[in-house]
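Comments concern the structure below.
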Amino acid sequence: MSVEIRIPGRTISLDRLKPGACYLAAGSDGPDLALVVTREGRRGALLLNRRSAEGDLLVLPGLATDVDVLEVQGAVLTPSGAIGDVAFGPAAAAPAALHLGDGSAYLCGRDGAGRLATFDVVSGVASAIDPGDLPHARRWRVIIPEAGGVVTLYEAEPA
């Protein structure tokens, strides 16, 4: 795979990425930005730039082992916009929101079977935490360090 985007990263086999790592890969409608996640001992990908018809982030089960991707080293997910954009309320009212709490951040995704799962964005591990009880940001972004600052790689907007 050839990726022309100039971002800090390295080409690596997808099966070597640990949960919590972000990567770019060729997708059906352009590059996919994903977070490697694990649920019930199985690895998958939470697509950060793709949503279901309901507005939820998509979870792809199983990762191909023979695919090279661009690992986005140092990627961090953070709220975007003003502090006042962080809100409280039911998670169902804010699909694909970044939930903040207990020193970590969480994203929810829905798999092809319609099951909803909450993932810790740092570790990539599925969590039993209820995101409805946490403050959330409907606008968030993926940033990477570059030349003493940060560059926004992707900005998620409310559905």
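Residues are referred to by chain and number: the chain letter is A, B, ... according to the order shown in the structure tokens, the number counts from 1 in that chain, and ligands are numbered separately from 1 in the order shown.
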(request) Excluding region 124-139 of chain A and residues on its chain fewer than 3 positions from it, collect all residues at most 9 Å away from it, counting only C-alpha atoms, and give them as number ranges by chain. (result) A: 18-21, 35-40, 46, 78-81, 85-92, 94-101, 106-108, 117-121, 155-159
(request) Write out as a count of residues only all residues of region 27-91 of chain A that DSSP puts in strand (DSSP E) for this structure's backbone. (result) 37
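If you measure from each of A:Ile12, A:Val76, A:Ala45, A:Ala34 to Trp140 (chain A) using only C-alpha atoms, the closest one turns out to be A:Val76.
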(message) Let me make sure I understand: among A:Arg16, A:Arg42, A:Arg50, A:Arg10, which one has the smallest atom-to-atom distance to Gly62 (chain A) if we use only C-alpha atoms?
(response) A:Arg42
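With only C-alpha atoms as the basis for measurement, A:Leu14 is the residue among A:Leu14, A:Ala113, A:Leu33, A:Ala25 that approaches Val67 (chain A) most closely.
The two atoms in question, CA of Leu57 (chain A) and CA of Ala105 (chain A), are spaced 15.1 Å apart.
Picture a line from CA of Glu54 (chain A) to CA of Arg110 (chain A); it runs 9.5 Å.
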(request) Give me the residues within 6 Å of Val142 (chain A) as an NGL selection string, counting only C-alpha atoms and dropping any in the same chain fewer than 3 places off. (result) :A and (76-77 or 152-154)
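Of the residues in chain A, those that DSSP places in helix (DSSP H, G or I) on the basis of the backbone are Leu14, Asp15, Arg16, Ile83, Gly84, Asp85, Ala91, Ala92, Ala93, Pro131, Gly132 and Asp133 of chain A.
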(request) Tell me which protein, DNA and RNA residues are within 8 Å of Leu58 (chain A), counting only C-alpha atoms, leaving out same-chain ones fewer than 5 positions away, and put them as number ranges by chain. (result) A: 46-48, 50-52, 109-112
Print the selection's residues with all heavy atoms to a file, as a compact mmCIF listing (two decimals), in the first residue's frame.
# COMPACT_ATOMS: atom_id res chain seq x y z
N LEU A 46 -11.78 -0.02 15.37
CA LEU A 46 -12.84 0.98 15.52
C LEU A 46 -12.54 2.06 14.49
O LEU A 46 -11.52 2.75 14.59
CB LEU A 46 -12.84 1.54 16.94
CG LEU A 46 -13.88 2.62 17.24
CD1 LEU A 46 -15.29 2.06 17.11
CD2 LEU A 46 -13.65 3.18 18.64
N LEU A 47 -13.38 2.17 13.48
CA LEU A 47 -13.15 3.15 12.41
C LEU A 47 -13.51 4.54 12.91
O LEU A 47 -14.65 4.81 13.24
CB LEU A 47 -13.96 2.81 11.17
CG LEU A 47 -13.58 1.50 10.47
CD1 LEU A 47 -14.45 1.28 9.24
CD2 LEU A 47 -12.12 1.50 10.09
N LEU A 48 -12.53 5.41 12.98
CA LEU A 48 -12.74 6.73 13.53
C LEU A 48 -13.37 7.69 12.53
O LEU A 48 -13.99 8.67 12.92
CB LEU A 48 -11.40 7.30 14.03
CG LEU A 48 -10.70 6.46 15.10
CD1 LEU A 48 -9.35 7.06 15.44
CD2 LEU A 48 -11.56 6.29 16.34
N ARG A 50 -15.50 6.69 9.94
CA ARG A 50 -16.66 6.08 9.26
C ARG A 50 -17.76 5.84 10.28
O ARG A 50 -17.50 5.46 11.41
CB ARG A 50 -16.28 4.74 8.63
CG ARG A 50 -15.14 4.82 7.68
CD ARG A 50 -15.61 4.83 6.25
NE ARG A 50 -14.43 4.80 5.39
CZ ARG A 50 -14.25 5.64 4.42
NH1 ARG A 50 -15.15 6.56 4.17
NH2 ARG A 50 -13.17 5.58 3.68
N ARG A 51 -18.98 6.06 9.85
CA ARG A 51 -20.13 5.87 10.75
C ARG A 51 -21.17 4.98 10.10
O ARG A 51 -21.27 4.90 8.89
CB ARG A 51 -20.76 7.22 11.08
CG ARG A 51 -19.83 8.11 11.87
CD ARG A 51 -20.55 9.31 12.37
NE ARG A 51 -19.61 10.24 12.99
CZ ARG A 51 -19.97 11.22 13.75
NH1 ARG A 51 -21.23 11.43 14.00
NH2 ARG A 51 -19.08 12.01 14.28
N SER A 52 -21.98 4.37 10.97
CA SER A 52 -23.10 3.57 10.51
C SER A 52 -24.24 4.51 10.12
O SER A 52 -24.16 5.73 10.34
CB SER A 52 -23.57 2.63 11.62
OG SER A 52 -24.16 3.39 12.66
N GLY A 109 -18.65 2.04 19.75
CA GLY A 109 -18.78 1.59 18.37
C GLY A 109 -19.82 0.49 18.27
O GLY A 109 -20.15 -0.15 19.27
N ARG A 110 -20.33 0.30 17.08
CA ARG A 110 -21.34 -0.71 16.85
C ARG A 110 -20.84 -1.65 15.76
O ARG A 110 -20.39 -1.21 14.72
CB ARG A 110 -22.66 -0.06 16.44
CG ARG A 110 -23.84 -1.00 16.45
CD ARG A 110 -25.14 -0.27 16.21
NE ARG A 110 -25.45 0.75 17.19
CZ ARG A 110 -26.08 0.54 18.35
NH1 ARG A 110 -26.43 -0.68 18.69
NH2 ARG A 110 -26.34 1.54 19.16
N ASP A 111 -20.93 -2.95 16.03
CA ASP A 111 -20.47 -3.93 15.05
C ASP A 111 -21.59 -4.27 14.07
O ASP A 111 -22.70 -3.77 14.19
CB ASP A 111 -19.89 -5.18 15.72
CG ASP A 111 -20.91 -5.96 16.53
OD1 ASP A 111 -22.14 -5.77 16.34
OD2 ASP A 111 -20.49 -6.79 17.36
N GLY A 112 -21.27 -5.12 13.10
CA GLY A 112 -22.23 -5.50 12.07
C GLY A 112 -23.47 -6.18 12.61
O GLY A 112 -24.52 -6.15 11.98
(request) Could you jot down the CA of Gly44 (chain A) to CA of Cys22 (chain A) separation for me, Å, one decimal place? (result) 11.8 Å
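Proximity of A:Gly148, A:Arg115, A:Asn49, A:Ser13 to Ala64 (chain A), computed with only C-alpha atoms, is greatest for A:Ser13.
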